[in-house]
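Student: Attaching a single structure in C-alpha cells format; questions to follow.
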Protein chains: 2
Amino acid sequence: MGLFTKDIKTMDDLFLHTLQDIYYAENQILKNLPKMIEKVTNRELSGGLKNHLEETKKQVERLEQVFEKLGEKPKATDCPAMDGIIKEADEIAGNVADKEVLDAAIIAAAQAVEHYEITRYGTLIAWAEALGHDEVVRLLTTNLNEEKAADKKLTTVAERKGVNQKAAS
Amino acid sequence: MGLFTKDIKTMDDLFLHTLQDIYYAENQILKNLPKMIEKVTNRELSGGLKNHLEETKKQVERLEQVFEKLGEKPKATDCPAMDGIIKEADEIAGNVADKEVLDAAIIAAAQAVEHYEITRYGTLIAWAEALGHDEVVRLLTTNLNEEKAADKKLTTVAERKGVNQKAAS
C-alpha cells in the first residue's frame with residue numbers, strides 16, 4: 001500500500017487487500033504454530049494444535065484457489081494485527097515458569113489467533129456475497145467453519161480436559 | 001514483564017497479566033474509537049459506534065472493580081495484539097478513497113477489535129471460574145455480553161442496513 005496515495009477505491013480492492021491480509025496471517029500461523037506446539041505439555045492440546053496445523057495448510061490452498069477465481073496471483077500483505085497477536089503469544093510463552101500454566105496461556109494465545117481469523121473470514125464472506133462471488137463464498141466458509149471448530153475444541157481442552165483446573169491447583 | 005526472568009509462576013499471575021492486557025486494550029479503544037467515528041458516513045454505524053464508546057467507559061470501570069476485588073491496583077500492560085489491530089485499522093482507513101467502501105472497512109476493523117475482546121474475556125472468565133473468583137466472573141461476563149452484542153450489531157449494520165451493498169455497487 002502506498003503511503004501517499006489511497007489505493008483502495010472499490011469494494012473489489014478492499015476485498016483483495018483483506019484476502020492478502022488473511023493469506024499473510026495463515027502463512028504466519030504455518031510458520032509459528034510448530035514452535036508453539038513444542039512448548040505444550042498436555043497431550044490433547046498438542047494433538048489438537050498439530051491437527052489444526054494440517055488444516056491450516058489446506059486453508060492456505062483454499063485461499064490460493066480464491067485468488068485464482070478472482071484472476072489474481074496469491075500475494076500476502078503485511079498484517080500488523082496478526083504480527084501483534086503472535087508477538088504477544090511469544091512474549092507470554094517466554095514469561096511463564098510453570099508447565100501447566102503455560103498450557104493455559106498457549107490455549108489463550110491460540111484462541112486469540114482463531115478469533116482474528118473468524119472475524120476476517122466472516123467479513124470476507126459478507127463482502128464476497130455482496131460482490132456476487134459465490135464460489136469464493138463456499139471456499140471461505142469452509143475455512144471459517146474450521147476456525148470455529150478449532151476454537152471450540154480449544155475451549156473443550158481448557159475446560160473439560162482439565163488444563164485450567166490443573167493450572168489453577 | 002522482565003526480559004530475563006519468568007514472572008508468571010501461577011494461574012493468578014497469568015490471570016492478572018491478562019487482566020492488565022485487556023485493561024490496556026479497552027483504554028486504547030477509548031483513545032482511538034473517536035478518531036474512527038469521525039471518518040464514518042453511515043449514520044447507523046456512527047450511532048452504533050458512539051453507543052459502544054459509552055459502553056467501553058463502563059467496561060473500563062468494571063475492570064477497575066475486578067482489580068479491586070483481587071486486591072490489586074488497576075494497571076495496564078502493553079498489548080501488542082491490540083496495538084497491531086489498531087495500527088492495521090488506521091492503515092486501511094487511510095488507504096480507502098471511497099466513503100462507502102470506508103464504512104465497510106471501518107466495520108471490519110471494529111469487528112476485529114470486538115473479536116479480540118471476546119476471546120480475552122472468554123479466557124478470563126474460564127480462568128476466574130477455575131480460580132473461584134465468582135464476583136469477578138459476573139463483572140467480566142457483563143463485558144463479554146456487551147462485546148458480543150456490539151459485534152452482532154455491526155454485522156446487522158453491514159448486511160441489513162446496506163453498508164456492504166452500497167459499497168459494492
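So you can find residues: chains in the C-alpha cells are A, B, ... in the order shown, residues in each start at 1, and ligands are numbered from 1 in order.
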For chain B, report every residue with an atom at most 7 Å from chain A (counting only C-alpha atoms), formatted as a CSV table (one decimal) with N, CA, C and O atoms, in the first residue's frame.

Tutor:
```csv
chain,number,residue,atom,x,y,z
B,6,LYS,N,11.2,-15.3,34.4
B,6,LYS,CA,9.9,-15.7,34.1
B,6,LYS,C,8.9,-15.3,35.3
B,6,LYS,O,8.9,-15.9,36.3
B,7,ASP,N,8.2,-14.2,35.0
B,7,ASP,CA,7.5,-13.6,36.1
B,7,ASP,C,6.1,-14.2,36.4
B,7,ASP,O,5.5,-14.0,37.4
B,8,ILE,N,5.6,-15.0,35.4
B,8,ILE,CA,4.3,-15.6,35.6
B,8,ILE,C,4.5,-17.1,36.1
B,8,ILE,O,4.9,-18.0,35.4
B,9,LYS,N,4.3,-17.2,37.4
B,9,LYS,CA,4.5,-18.5,38.0
B,9,LYS,C,3.2,-19.3,38.3
B,9,LYS,O,3.2,-20.5,38.3
B,10,THR,N,2.1,-18.6,38.5
B,10,THR,CA,0.9,-19.3,38.9
B,10,THR,C,-0.3,-18.8,38.0
B,10,THR,O,-0.1,-17.8,37.2
B,11,MET,N,-1.4,-19.5,38.1
B,11,MET,CA,-2.6,-19.0,37.3
B,11,MET,C,-3.0,-17.6,37.7
B,11,MET,O,-3.6,-16.9,36.9
B,79,CYS,N,0.0,-4.4,25.1
B,79,CYS,CA,-0.7,-5.4,24.4
B,79,CYS,C,-0.5,-5.3,22.9
B,79,CYS,O,-1.2,-4.6,22.2
B,80,PRO,N,0.6,-6.0,22.5
B,80,PRO,CA,1.0,-5.9,21.1
B,80,PRO,C,-0.2,-6.3,20.1
B,80,PRO,O,-0.3,-5.8,19.0
B,81,ALA,N,-1.0,-7.2,20.6
B,81,ALA,CA,-2.1,-7.6,19.7
B,81,ALA,C,-3.1,-6.4,19.4
B,81,ALA,O,-3.4,-6.2,18.3
B,83,ASP,N,-2.4,-3.3,19.8
B,83,ASP,CA,-1.7,-2.2,19.1
B,83,ASP,C,-1.7,-2.6,17.6
B,83,ASP,O,-1.9,-1.7,16.7
B,84,GLY,N,-1.5,-3.8,17.3
B,84,GLY,CA,-1.5,-4.3,15.9
B,84,GLY,C,-2.8,-4.1,15.2
B,84,GLY,O,-2.9,-3.7,14.0
B,85,ILE,N,-3.9,-4.5,15.9
B,85,ILE,CA,-5.2,-4.4,15.3
B,85,ILE,C,-5.5,-2.9,15.0
B,85,ILE,O,-6.1,-2.6,14.0
B,87,LYS,N,-3.3,-0.4,14.6
B,87,LYS,CA,-2.4,0.0,13.6
B,87,LYS,C,-3.0,-0.3,12.2
B,87,LYS,O,-3.0,0.5,11.3
B,88,GLU,N,-3.4,-1.6,12.1
B,88,GLU,CA,-4.0,-2.1,10.8
B,88,GLU,C,-5.3,-1.3,10.5
B,88,GLU,O,-5.5,-1.0,9.3
B,94,GLY,N,-6.8,4.9,6.2
B,94,GLY,CA,-6.0,5.9,5.4
B,94,GLY,C,-5.9,5.6,4.0
B,94,GLY,O,-5.4,6.4,3.2
B,95,ASN,N,-6.2,4.4,3.6
B,95,ASN,CA,-5.9,3.9,2.2
B,95,ASN,C,-7.2,3.8,1.4
B,95,ASN,O,-7.1,3.5,0.2
B,96,VAL,N,-8.3,4.1,2.0
B,96,VAL,CA,-9.6,3.9,1.2
B,96,VAL,C,-10.1,5.2,0.7
B,96,VAL,O,-10.2,6.2,1.5
B,97,ALA,N,-10.3,5.3,-0.6
B,97,ALA,CA,-10.7,6.6,-1.2
B,97,ALA,C,-12.2,6.8,-1.2
B,97,ALA,O,-12.6,8.0,-1.1
B,98,ASP,N,-13.0,5.8,-1.2
B,98,ASP,CA,-14.5,6.0,-1.4
B,98,ASP,C,-15.1,5.9,0.0
B,98,ASP,O,-14.8,5.0,0.8
B,101,VAL,N,-17.1,2.6,0.8
B,101,VAL,CA,-16.1,1.5,1.0
B,101,VAL,C,-15.4,1.7,2.3
B,101,VAL,O,-15.2,0.7,3.1
B,108,ALA,N,-15.3,-3.7,9.5
B,108,ALA,CA,-14.4,-4.9,9.6
B,108,ALA,C,-13.3,-4.6,10.7
B,108,ALA,O,-13.0,-5.5,11.5
B,111,GLN,N,-15.0,-4.9,14.1
B,111,GLN,CA,-15.3,-6.3,14.4
B,111,GLN,C,-14.0,-7.1,14.8
B,111,GLN,O,-14.1,-8.0,15.7
B,112,ALA,N,-12.9,-6.7,14.2
B,112,ALA,CA,-11.6,-7.3,14.7
B,112,ALA,C,-11.3,-7.0,16.1
B,112,ALA,O,-10.9,-7.8,16.9
B,115,HIS,N,-13.7,-9.0,18.3
B,115,HIS,CA,-13.4,-10.4,18.5
B,115,HIS,C,-12.1,-10.6,19.4
B,115,HIS,O,-12.0,-11.6,20.1
B,116,TYR,N,-11.2,-9.6,19.4
B,116,TYR,CA,-10.1,-9.7,20.3
B,116,TYR,C,-10.6,-9.7,21.7
B,116,TYR,O,-10.2,-10.4,22.6
B,119,THR,N,-12.5,-12.9,22.7
B,119,THR,CA,-11.6,-14.1,23.1
B,119,THR,C,-10.9,-13.8,24.5
B,119,THR,O,-10.8,-14.7,25.3
B,123,THR,N,-11.6,-16.2,27.8
B,123,THR,CA,-10.4,-16.8,28.6
B,123,THR,C,-10.4,-16.4,30.0
B,123,THR,O,-10.3,-17.2,30.9
B,127,TRP,N,-10.8,-18.7,33.4
B,127,TRP,CA,-9.8,-18.8,34.4
B,127,TRP,C,-10.3,-18.3,35.8
B,127,TRP,O,-10.0,-18.9,36.8
B,130,ALA,N,-12.1,-21.2,37.2
B,130,ALA,CA,-11.2,-22.2,37.8
B,130,ALA,C,-10.5,-21.7,39.1
B,130,ALA,O,-10.2,-22.5,40.0
B,131,LEU,N,-10.4,-20.4,39.2
B,131,LEU,CA,-9.7,-19.9,40.4
B,131,LEU,C,-10.7,-19.6,41.5
B,131,LEU,O,-10.4,-19.1,42.6
B,164,ASN,N,-22.6,-2.8,3.1
B,164,ASN,CA,-21.9,-3.6,2.1
B,164,ASN,C,-22.5,-3.5,0.7
B,164,ASN,O,-21.7,-3.4,-0.3
B,165,GLN,N,-23.8,-3.5,0.6
B,165,GLN,CA,-24.4,-3.3,-0.8
B,165,GLN,C,-24.1,-2.0,-1.4
B,165,GLN,O,-23.7,-1.9,-2.6
B,167,ALA,N,-21.5,-0.1,-0.7
B,167,ALA,CA,-20.1,-0.1,-1.0
B,167,ALA,C,-19.8,-0.9,-2.3
B,167,ALA,O,-18.9,-0.5,-3.0
B,168,ALA,N,-20.5,-2.0,-2.5
B,168,ALA,CA,-20.3,-2.9,-3.6
B,168,ALA,C,-20.9,-2.4,-4.9
B,168,ALA,O,-20.5,-2.9,-6.0
```

Student: Please superimpose chain B upon chain A, fitting all C-alpha atoms matched one to one in order, and report the result as a tab-separated table (two decimals) with C-alpha atoms, in the first residue's frame.

Tutor:
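Contents of selection04.tsv, freshly written:
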```
chain	number	residue	atom	x	y	z
B	1	MET	CA	-0.07	-0.08	-0.11
B	2	GLY	CA	1.31	3.33	-1.02
B	3	LEU	CA	1.84	5.82	1.77
B	4	PHE	CA	0.67	8.87	-0.15
B	5	THR	CA	-2.02	7.51	-2.45
B	6	LYS	CA	-5.35	5.96	-1.51
B	7	ASP	CA	-5.04	2.63	-3.28
B	8	ILE	CA	-8.38	1.15	-2.21
B	9	LYS	CA	-11.05	2.68	-4.41
B	10	THR	CA	-13.68	-0.07	-4.70
B	11	MET	CA	-15.06	-2.98	-2.67
B	12	ASP	CA	-13.13	-5.28	-4.99
B	13	ASP	CA	-9.92	-3.52	-3.95
B	14	LEU	CA	-10.87	-3.77	-0.27
B	15	PHE	CA	-11.77	-7.44	-0.67
B	16	LEU	CA	-8.44	-8.21	-2.36
B	17	HIS	CA	-6.50	-6.30	0.31
B	18	THR	CA	-8.23	-8.21	3.12
B	19	LEU	CA	-7.69	-11.51	1.29
B	20	GLN	CA	-3.97	-10.69	1.13
B	21	ASP	CA	-4.12	-9.88	4.85
B	22	ILE	CA	-5.60	-13.27	5.85
B	23	TYR	CA	-3.23	-15.02	3.40
B	24	TYR	CA	-0.32	-13.42	5.27
B	25	ALA	CA	-1.93	-14.35	8.61
B	26	GLU	CA	-2.43	-18.02	7.70
B	27	ASN	CA	1.16	-18.27	6.45
B	28	GLN	CA	2.43	-16.72	9.69
B	29	ILE	CA	0.49	-19.39	11.58
B	30	LEU	CA	2.13	-22.13	9.47
B	31	LYS	CA	5.50	-20.63	10.43
B	32	ASN	CA	4.86	-20.03	14.13
B	33	LEU	CA	2.50	-22.78	15.29
B	34	PRO	CA	5.15	-25.56	15.27
B	35	LYS	CA	7.29	-23.53	17.73
B	36	MET	CA	4.24	-23.15	19.98
B	37	ILE	CA	3.39	-26.87	19.80
B	38	GLU	CA	6.92	-27.73	21.06
B	39	LYS	CA	6.17	-25.85	24.29
B	40	VAL	CA	2.95	-27.76	25.07
B	41	THR	CA	2.78	-30.38	27.83
B	42	ASN	CA	-0.87	-31.58	27.64
B	43	ARG	CA	-1.20	-34.30	25.00
B	44	GLU	CA	-4.76	-33.44	23.96
B	45	LEU	CA	-3.71	-29.84	23.39
B	46	SER	CA	-0.63	-30.84	21.46
B	47	GLY	CA	-2.67	-33.24	19.29
B	48	GLY	CA	-5.35	-30.61	18.65
B	49	LEU	CA	-2.81	-28.00	17.59
B	50	LYS	CA	-0.99	-30.46	15.30
B	51	ASN	CA	-4.32	-31.27	13.69
B	52	HIS	CA	-5.02	-27.57	13.19
B	53	LEU	CA	-1.59	-27.11	11.62
B	54	GLU	CA	-2.57	-29.66	8.95
B	55	GLU	CA	-5.92	-27.88	8.48
B	56	THR	CA	-4.11	-24.57	8.08
B	57	LYS	CA	-2.07	-25.96	5.16
B	58	LYS	CA	-5.33	-26.76	3.36
B	59	GLN	CA	-6.77	-23.38	4.26
B	60	VAL	CA	-3.81	-21.70	2.57
B	61	GLU	CA	-4.49	-23.78	-0.55
B	62	ARG	CA	-8.16	-22.74	-0.46
B	63	LEU	CA	-7.09	-19.09	-0.26
B	64	GLU	CA	-4.89	-19.67	-3.30
B	65	GLN	CA	-7.97	-21.00	-5.12
B	66	VAL	CA	-9.83	-17.83	-4.13
B	67	PHE	CA	-7.06	-15.67	-5.66
B	68	GLU	CA	-7.23	-17.80	-8.79
B	69	LYS	CA	-11.01	-17.43	-9.10
B	70	LEU	CA	-10.56	-13.66	-8.91
B	71	GLY	CA	-7.89	-13.79	-11.63
B	72	GLU	CA	-5.22	-12.69	-9.16
B	73	LYS	CA	-1.86	-14.14	-8.10
B	74	PRO	CA	-1.64	-15.17	-4.41
B	75	LYS	CA	0.05	-12.36	-2.54
B	76	ALA	CA	0.47	-11.52	1.12
B	77	THR	CA	0.21	-8.03	2.53
B	78	ASP	CA	1.58	-7.08	5.94
B	79	CYS	CA	-0.90	-7.73	8.73
B	80	PRO	CA	0.11	-5.79	11.86
B	81	ALA	CA	-2.82	-7.37	13.74
B	82	MET	CA	-1.56	-10.95	13.31
B	83	ASP	CA	2.03	-9.82	13.90
B	84	GLY	CA	0.87	-8.29	17.20
B	85	ILE	CA	-1.10	-11.37	18.24
B	86	ILE	CA	1.92	-13.63	17.56
B	87	LYS	CA	4.33	-11.23	19.28
B	88	GLU	CA	2.09	-11.23	22.35
B	89	ALA	CA	1.88	-15.03	22.30
B	90	ASP	CA	5.68	-15.31	22.16
B	91	GLU	CA	6.15	-12.81	24.98
B	92	ILE	CA	3.70	-14.52	27.28
B	93	ALA	CA	5.02	-18.01	26.49
B	94	GLY	CA	8.51	-16.80	27.35
B	95	ASN	CA	7.31	-15.41	30.66
B	96	VAL	CA	5.51	-18.41	32.15
B	97	ALA	CA	7.53	-20.56	34.53
B	98	ASP	CA	5.06	-23.40	35.22
B	99	LYS	CA	4.29	-26.04	32.55
B	100	GLU	CA	0.59	-26.33	33.30
B	101	VAL	CA	0.11	-22.56	33.47
B	102	LEU	CA	1.97	-22.39	30.14
B	103	ASP	CA	-0.58	-24.76	28.57
B	104	ALA	CA	-3.40	-22.46	29.71
B	105	ALA	CA	-1.52	-19.45	28.26
B	106	ILE	CA	-0.97	-21.25	24.95
B	107	ILE	CA	-4.69	-22.04	24.67
B	108	ALA	CA	-5.48	-18.35	25.25
B	109	ALA	CA	-2.97	-17.33	22.57
B	110	ALA	CA	-4.31	-19.88	20.09
B	111	GLN	CA	-7.88	-18.71	20.69
B	112	ALA	CA	-6.84	-15.09	20.03
B	113	VAL	CA	-5.44	-16.30	16.68
B	114	GLU	CA	-8.66	-18.22	15.92
B	115	HIS	CA	-10.84	-15.23	16.74
B	116	TYR	CA	-8.82	-12.98	14.44
B	117	GLU	CA	-9.35	-15.47	11.62
B	118	ILE	CA	-13.05	-15.86	12.47
B	119	THR	CA	-13.64	-12.13	12.20
B	120	ARG	CA	-11.67	-11.78	8.95
B	121	TYR	CA	-13.38	-14.75	7.27
B	122	GLY	CA	-16.79	-13.49	8.46
B	123	THR	CA	-16.08	-10.11	6.85
B	124	LEU	CA	-14.69	-11.61	3.64
B	125	ILE	CA	-17.72	-13.88	3.24
B	126	ALA	CA	-20.15	-10.96	3.71
B	127	TRP	CA	-18.22	-8.93	1.13
B	128	ALA	CA	-17.98	-11.84	-1.33
B	129	GLU	CA	-21.77	-12.23	-1.05
B	130	ALA	CA	-22.31	-8.51	-1.73
B	131	LEU	CA	-19.94	-8.77	-4.71
B	132	GLY	CA	-21.63	-11.91	-6.06
B	133	HIS	CA	-18.55	-14.17	-5.80
B	134	ASP	CA	-20.47	-17.36	-4.97
B	135	GLU	CA	-17.66	-19.91	-5.35
B	136	VAL	CA	-15.41	-17.74	-3.24
B	137	VAL	CA	-18.09	-17.69	-0.51
B	138	ARG	CA	-18.05	-21.50	-0.48
B	139	LEU	CA	-14.26	-21.76	-0.11
B	140	LEU	CA	-14.08	-19.11	2.61
B	141	THR	CA	-16.99	-20.66	4.51
B	142	THR	CA	-15.07	-23.96	4.73
B	143	ASN	CA	-12.14	-22.10	6.28
B	144	LEU	CA	-14.43	-20.18	8.65
B	145	ASN	CA	-16.12	-23.36	9.87
B	146	GLU	CA	-12.74	-24.98	10.54
B	147	GLU	CA	-11.60	-21.98	12.58
B	148	LYS	CA	-14.79	-22.00	14.62
B	149	ALA	CA	-14.41	-25.74	15.27
B	150	ALA	CA	-10.76	-25.26	16.28
B	151	ASP	CA	-11.77	-22.51	18.71
B	152	LYS	CA	-14.44	-24.72	20.30
B	153	LYS	CA	-12.01	-27.63	20.57
B	154	LEU	CA	-9.58	-25.37	22.46
B	155	THR	CA	-12.36	-24.38	24.89
B	156	THR	CA	-13.11	-28.07	25.47
B	157	VAL	CA	-9.45	-28.88	26.14
B	158	ALA	CA	-9.18	-25.93	28.54
B	159	GLU	CA	-12.36	-26.58	30.46
B	160	ARG	CA	-13.35	-30.21	30.20
B	161	LYS	CA	-9.93	-31.80	29.76
B	162	GLY	CA	-8.76	-30.01	32.87
B	163	VAL	CA	-5.97	-27.72	31.62
B	164	ASN	CA	-7.37	-24.77	33.57
B	165	GLN	CA	-8.04	-26.83	36.71
B	166	LYS	CA	-4.55	-28.34	36.72
B	167	ALA	CA	-3.01	-24.93	36.15
B	168	ALA	CA	-5.08	-23.37	38.94
B	169	SER	CA	-4.34	-26.06	41.52
```

Student: Any chance you could list, as a PyMOL selection string, the residues in region 16-139 of chain A that come up helix (DSSP H, G or I) when DSSP is run on the backbone?

Tutor: chain A and resi 16-38+43-69+80-95+99-131+134-139
